[in-house]
Amino acid sequence: MTAGDDYRRDLASLVERIRSLNPPDLASRFAIHGGISADSFQKASPVQEGTVAAVDGSNAVVVESGSFSIAAVRAAACGFSAGVRSFRSVTPLRLATLGREAQDRSFADLYLECFGAEPETPLSDDDPDRAAAVLRDTLEYWAALRTAERLGAGDLLVLDGALRVSHASHDPVLVRLMKTCAKRRVHLVAVTKRTAATWGGGLPLVPAAVALADSLSIPSPWFLPVDESLLDTTRFSQWKHGAIVIAALHPRSLLAFKIEVPAPADGTEVRRIVSLLAGWSDDGRVTGYPYPLLDVHRTARIRADAVQQVKNDLMAGMGGAGLDLSRFRGLFGDYHGELERY
Amino acid sequence: MVNLNDTDLSDPSKYRLIGDSVLSYRFAIPYQEALYVGDILKITDREKDLTFLAKVTDLLHESNFEDEKWDRRPHTEQFYGLSEDVYLVVEALPLGFVDGRGIFRRPRTVPTKFSRVEMPEARDFAFLQQVMGDIQVGVMKTGQGVLRDVRVALHSRVMPQHMGVFATTGMGKSNFMKVFCASCMKARQFGLLLVDPHGEYVGGKGVLTDGQPSRGLAHFQAGRDGLAIFTIRDEKFRKTYSAHSLFLEHDDFRAPDLLFLFDHSPAQREVIEILEDTRGSELVRFFRTTEFDDQGAWAAATPHRDLARRLQQFSASTLSVMKRRIEILARNNPFLREKGSSVPEILKALDGNRVVIIDIPNLGERSELFVLSVLARTILGRHRGEAQGWGVADAERRDVLITIEEAQRVLGSGSTGTQVFRECAMEGRKFGVGLCVVTQQPKNIDPRVLAQLNTYVVMGLSDRGDRDMVAGHAKQDLSRMDTEIQTLEPGEAIISTLGIPFPVSTRIHLFEEYVQDLNREIRKPITEGLENRF
């Protein structure tokens with residue numbers, strides 16, 4: 001058997017696996033499995049009222065040495081009302097050292113700065129990318145709290161992701177955010193672009209709902225509350241605070257999203273949230289996706305040129321401290337950069 | 001403490017210079033801004049204390065989005081927040097800059113990046129008034145509008161260095177020429193000769209788009225001293241417009257002038273070349289009194305011994321054809337007679353720096369070219385003679401501009417029998433004789449002639465070949481203004497000339513309005529010249 005044969009056999013196997021996840025009877029199986037009928041799909045009418053705000057964060061590893069890394073993180077918030085952006089806020093770019101010794105202090109310092117208390121659970125992940133993501137979430141939750149405080153009754157706060165934390169220290173922060181929103185009568189929702197949720201032994205959740213809506217000729221926008229018992233597994237269930245809903249937000253988009261609203265979900269509340277999301281999901285660039293999320297993503301995103309700028313500033317700072325370029329290369333240079341040139 | 005800083009949403013950050021080079025600018029402006037090709041913009045460079053000027057040559061849609069096809073998605077009715085990421089890129093041609101002392105300089109440096117770009121006001125062009133000439137033709141145009149206070153005027157001193165007027169039919173060529181003539185009548189800095197085969201320049205012809213009758217140069221009463229009219233029309237017309245009768249006498253023409261009246265075989269052209277220097281009266285006498293025969297007896301019989309010696313090698317049939325043509329010329333042209341020519345009066349009027357209109361309606365194209373050829377040869381000959389003889393001092397030299405309408409007829413690459421016009425184009429400037437080449441097909445003009453023109457008046461040209469030819473030969477770079485030339489409307493022109501530092505977009509005055517203004521402006525008070533005391 002040749003290398004080419006191996007490759008073709010793997011490819012065929014993959015195609016078969018994908019086919020098995022998209023069986024021809026996906027819609028009917030999903031209907032039977034979940035006890036879902038046409039009446040289960042709820043209609044929503046797009047509406048633009050009040051302010052719809054979105055919060056997002058971004059992180060990037062600037063340089064890596066064998067023992068530690070330097071990451072940049074920031075968060076942003078954007079608000080829209082009456083068809084235009086009403087505010088856009090962004091945190092300064094924050095830098096943190098990630099490493100077995102250093103990352104816990106960076107995280108603790110940032111957490112303390114944001115929430116006025118030490119985190120209950122230290123950050124002890126060896127993976128710098130994941131550690132940077134936790135730092136980003138810290139800033140993002142803080143930005144969400146600040147944004148919730150500037151919104152009023154009937155406004156909507158949209159988070160990118162889920163109403164579920166990925167680090168224990170954020171759980172009290174999320175609870176605080178949900179309480180703040182409830183107190184101010186601000187609607188809260190988290191929109192997941194890509195979900196790992198499955199049912200029936202590994203079948204993807206959202207495509208099944210879309211297939212069923214299509215087979216039942218349900219016009220968008222629609223939403224479908226999902227009973228969690230339908231799902232195969234629930235990750236980090238102890239930190240989960242949202243009720244799952246699948247929503248399609250624009251009639252000319254094939255996409256639908258898993259969204260989460262504070263549990264327990266109230267039908268009227270969910271309809272209002274989906275209507276507000278649908279009201280801002282008609283942008284021609286990302287039809288079917290809430291535009292405020294695109295806008296805040298672009299605001300927060302740390303692009304390659306920003307990373308390069310930080311790198312330059314770091315080199316200049318080291319130079320000023322008597323550490324020349326050879327020291328920089330000694331710490332952070334490796335053959336990855338060299339290899340990328342060829 | 002962590003901050004969440006609000007960003008200013010009202011920052012007008014797009015109306016700024018973003019790049020390119022000394023020879024080309026790029027600006028970003030809001031995507032919904034109404035800017036037009038041809039607009040002139042001002043770039044204020046506070047770092048260098050310079051004010052740059054640039055002309056818009058193109059407008060392009062661009063965005064900050066990495067996906068270049070963001071606007072080609074199926075659902076493109078609604079977009080939020082476009083003003084921050086979607087913008088127009090303006091490509092502009094640098095015109096130059098005004099330094100701190102108000103002196104205009106060529107664009108030899110580039111404005112500081114992100115310099116502010118603004119619409120200029122008339123006062124920003126104050127420097128232009130210092131460089132404008134004395135032959136006013138219009139007002140400066142910027143995009144869709146005009147700067148009424150910025151008058152565009154050619155320099156009379158560069159007119160002997162030839163001028164080209166290029167426009168397709170209906171773009172306002174005749175109006176331009178009338179405005180130009182009126183300004184020449186007012187300035188009286190050189191003589192201008194114009195042969196008018198359509199009878200439109202003296203009293204106007206037809207009606208304007210608003211139904212009003214068109215006006216002619218004779219209606220410029222206040223400048224009437226600067227006009228001389230020579231016409232073949234009747235006495236009533238002459239009295240109405242104080243015109244002279246037009247006559248040419250036999251001695252005014254030479255054999256090569258016949259080339260415009262008739263088609264000639266190679267042998268006949270040889271005859272014409274041999275007779276090139278012979279006076280017209282002698283030609284008429286010789287051919288009228290000689291009957292040509294194949295045996296050559298005519299040569300022995302004619303008293304014109306010199307002509308007989310030069311022509312005896314030609315067949316009787318060739319010479320008989322020439323005889324017939326001379327007869328037709330002498331007999332059928334009402335303005336040609338044996339004695340009594342208007343040419344001395346025409347030359348005198350030109351010497352007096354007047355606009356001379358040769359009004360020959362209904363005579364046909366061949367007669368028009370014949371008259372023009374006779375006059376051009378006479379003028380060039382006289383100026384050349386003056387220069388080669390004792391000469392005249394520069395201060396005394398009388399410059400003349402000869403207008404050739406539909407010039408491709410006589411200045412095309414393959415035109416035959418047009419030597420006199422070529423000589424005017426190639427050598428005339430040395431002797432104070434300029435050509436005003438008017439054509440709608442510049443691509444059919446000999447490129448060597450185009451290269452001699454120092455003033456280009458480019459009106460709408462729809463043919464790419466014509467535009468390329470004009471852009472390729474103008475002394476100032478017009479190639480970047482191709483889009484503007486294509487989009488010129490009737491009555492608009494781009495003028496490139498010596499003395500004015502960059503090609504100027506111009507809205508040519510409407511002749512009728514211009515003459516009205518001139519008559520008001522120049523009319524002398526009734527008391528002028530009267531004694532003001534007893």
# chains A, B, ... in the order shown; residues from 1 in each chain; ligands from 1
>>> residues_around(residues="B:Asp359", least_positions_apart="2", cutoff="10 Å", atoms="only C-alpha atoms", output="ChimeraX atom specification")
/B:194-202,229-233,243-246,356-357,361-363,368
>>> residues_around(residues="A:Lys193", least_positions_apart="5", cutoff="8 Å", atoms="only C-alpha atoms", output="PDB file with N, CA and C atoms, in the first residue's frame")
ATOM      1  N   ASP A 160     -20.567  37.503  23.125  1.00  0.00           N
ATOM      2  CA  ASP A 160     -20.101  36.569  22.101  1.00  0.00           C
ATOM      3  C   ASP A 160     -19.735  35.262  22.812  1.00  0.00           C
ATOM      4  N   GLY A 161     -20.513  34.208  22.594  1.00  0.00           N
ATOM      5  CA  GLY A 161     -20.214  32.929  23.237  1.00  0.00           C
ATOM      6  C   GLY A 161     -21.432  32.364  23.933  1.00  0.00           C
ATOM      7  N   PHE A 257     -28.155  30.022  14.806  1.00  0.00           N
ATOM      8  CA  PHE A 257     -27.181  30.061  15.894  1.00  0.00           C
ATOM      9  C   PHE A 257     -27.781  29.478  17.158  1.00  0.00           C
ATOM     10  N   LYS A 258     -26.886  28.932  17.960  1.00  0.00           N
ATOM     11  CA  LYS A 258     -27.310  28.576  19.306  1.00  0.00           C
ATOM     12  C   LYS A 258     -27.157  29.835  20.142  1.00  0.00           C
TER      13      LYS A 258
END
>>> interface_residues(of="chain A", to="chain B", cutoff="7 Å", atoms="only C-alpha atoms", output="list in words")
Val84, Arg85, Phe87, Arg88, Ser89, Val90, Thr91, Pro92, Glu113, Cys114, Ala143, Asp282, Asp283, Gly284, Arg285 and Thr287 of chain A
>>> residues_around(residues="stretch 49-57 of chain A", least_positions_apart="3", cutoff="6 Å", atoms="only C-alpha atoms", output="NGL selection string")
:A and (74-81 or 136 or 140 or 144 or 155-160 or 292-293 or 296-297 or 300)
>>> write_last_selection(atoms="N, CA and C atoms", output="PDB file, in the first residue's frame")
ATOM      1  N   ARG A  74      -7.486  42.718  24.955  1.00  0.00           N
ATOM      2  CA  ARG A  74      -8.334  43.895  25.134  1.00  0.00           C
ATOM      3  C   ARG A  74      -9.793  43.503  24.926  1.00  0.00           C
ATOM      4  N   ALA A  75     -10.675  44.375  25.372  1.00  0.00           N
ATOM      5  CA  ALA A  75     -12.106  44.140  25.199  1.00  0.00           C
ATOM      6  C   ALA A  75     -12.732  45.414  24.671  1.00  0.00           C
ATOM      7  N   ALA A  76     -13.905  45.235  24.070  1.00  0.00           N
ATOM      8  CA  ALA A  76     -14.585  46.394  23.503  1.00  0.00           C
ATOM      9  C   ALA A  76     -16.084  46.232  23.663  1.00  0.00           C
ATOM     10  N   ALA A  77     -16.778  47.347  23.584  1.00  0.00           N
ATOM     11  CA  ALA A  77     -18.242  47.334  23.629  1.00  0.00           C
ATOM     12  C   ALA A  77     -18.748  48.341  22.622  1.00  0.00           C
ATOM     13  N   CYS A  78     -19.821  47.968  21.929  1.00  0.00           N
ATOM     14  CA  CYS A  78     -20.444  48.886  20.974  1.00  0.00           C
ATOM     15  C   CYS A  78     -21.934  48.890  21.226  1.00  0.00           C
ATOM     16  N   GLY A  79     -22.548  50.041  21.061  1.00  0.00           N
ATOM     17  CA  GLY A  79     -23.996  50.131  21.226  1.00  0.00           C
ATOM     18  C   GLY A  79     -24.634  50.739  19.990  1.00  0.00           C
ATOM     19  N   PHE A  80     -25.803  50.222  19.641  1.00  0.00           N
ATOM     20  CA  PHE A  80     -26.492  50.718  18.449  1.00  0.00           C
ATOM     21  C   PHE A  80     -27.922  51.087  18.805  1.00  0.00           C
ATOM     22  N   SER A  81     -28.358  52.170  18.260  1.00  0.00           N
ATOM     23  CA  SER A  81     -29.770  52.524  18.406  1.00  0.00           C
ATOM     24  C   SER A  81     -30.184  53.394  17.225  1.00  0.00           C
ATOM     25  N   ARG A 136      -8.359  37.340  28.539  1.00  0.00           N
ATOM     26  CA  ARG A 136      -9.285  38.076  27.653  1.00  0.00           C
ATOM     27  C   ARG A 136     -10.694  38.047  28.241  1.00  0.00           C
ATOM     28  N   GLU A 140     -13.260  40.953  29.227  1.00  0.00           N
ATOM     29  CA  GLU A 140     -14.537  40.961  28.505  1.00  0.00           C
ATOM     30  C   GLU A 140     -15.704  41.015  29.497  1.00  0.00           C
ATOM     31  N   ALA A 144     -18.404  43.891  29.932  1.00  0.00           N
ATOM     32  CA  ALA A 144     -19.844  43.608  29.879  1.00  0.00           C
ATOM     33  C   ALA A 144     -20.558  44.227  31.078  1.00  0.00           C
ATOM     34  N   ASP A 155     -33.261  47.551  26.838  1.00  0.00           N
ATOM     35  CA  ASP A 155     -32.081  47.425  25.969  1.00  0.00           C
ATOM     36  C   ASP A 155     -31.601  45.981  25.991  1.00  0.00           C
ATOM     37  N   LEU A 156     -30.738  45.658  25.061  1.00  0.00           N
ATOM     38  CA  LEU A 156     -30.243  44.282  24.947  1.00  0.00           C
ATOM     39  C   LEU A 156     -28.720  44.284  25.001  1.00  0.00           C
ATOM     40  N   LEU A 157     -28.162  43.425  25.822  1.00  0.00           N
ATOM     41  CA  LEU A 157     -26.710  43.239  25.878  1.00  0.00           C
ATOM     42  C   LEU A 157     -26.381  41.880  25.275  1.00  0.00           C
ATOM     43  N   VAL A 158     -25.527  41.884  24.250  1.00  0.00           N
ATOM     44  CA  VAL A 158     -25.199  40.657  23.534  1.00  0.00           C
ATOM     45  C   VAL A 158     -23.756  40.272  23.830  1.00  0.00           C
ATOM     46  N   LEU A 159     -23.558  39.061  24.301  1.00  0.00           N
ATOM     47  CA  LEU A 159     -22.204  38.551  24.525  1.00  0.00           C
ATOM     48  C   LEU A 159     -21.851  37.604  23.392  1.00  0.00           C
ATOM     49  N   ASP A 160     -20.567  37.503  23.125  1.00  0.00           N
ATOM     50  CA  ASP A 160     -20.101  36.569  22.101  1.00  0.00           C
ATOM     51  C   ASP A 160     -19.735  35.262  22.812  1.00  0.00           C
ATOM     52  N   PRO A 292     -24.163  44.145  15.536  1.00  0.00           N
ATOM     53  CA  PRO A 292     -23.361  44.670  16.662  1.00  0.00           C
ATOM     54  C   PRO A 292     -22.228  43.735  17.061  1.00  0.00           C
ATOM     55  N   LEU A 293     -22.426  42.432  16.903  1.00  0.00           N
ATOM     56  CA  LEU A 293     -21.339  41.500  17.239  1.00  0.00           C
ATOM     57  C   LEU A 293     -20.184  41.614  16.252  1.00  0.00           C
ATOM     58  N   VAL A 296     -18.353  44.918  17.152  1.00  0.00           N
ATOM     59  CA  VAL A 296     -17.532  44.881  18.361  1.00  0.00           C
ATOM     60  C   VAL A 296     -16.339  43.938  18.168  1.00  0.00           C
ATOM     61  N   HIS A 297     -16.541  42.909  17.362  1.00  0.00           N
ATOM     62  CA  HIS A 297     -15.422  42.014  17.052  1.00  0.00           C
ATOM     63  C   HIS A 297     -14.314  42.790  16.332  1.00  0.00           C
ATOM     64  N   ALA A 300     -12.535  45.155  18.793  1.00  0.00           N
ATOM     65  CA  ALA A 300     -11.661  44.536  19.794  1.00  0.00           C
ATOM     66  C   ALA A 300     -10.455  43.833  19.172  1.00  0.00           C
TER      67      ALA A 300
END
>>> select_by_dssp(residues="stretch 69-221 of chain B", states="helix (DSSP H, G or I)", output="ChimeraX atom specification")
/B:70-72,82-85,122-131,156-161,173-187,217-219,221
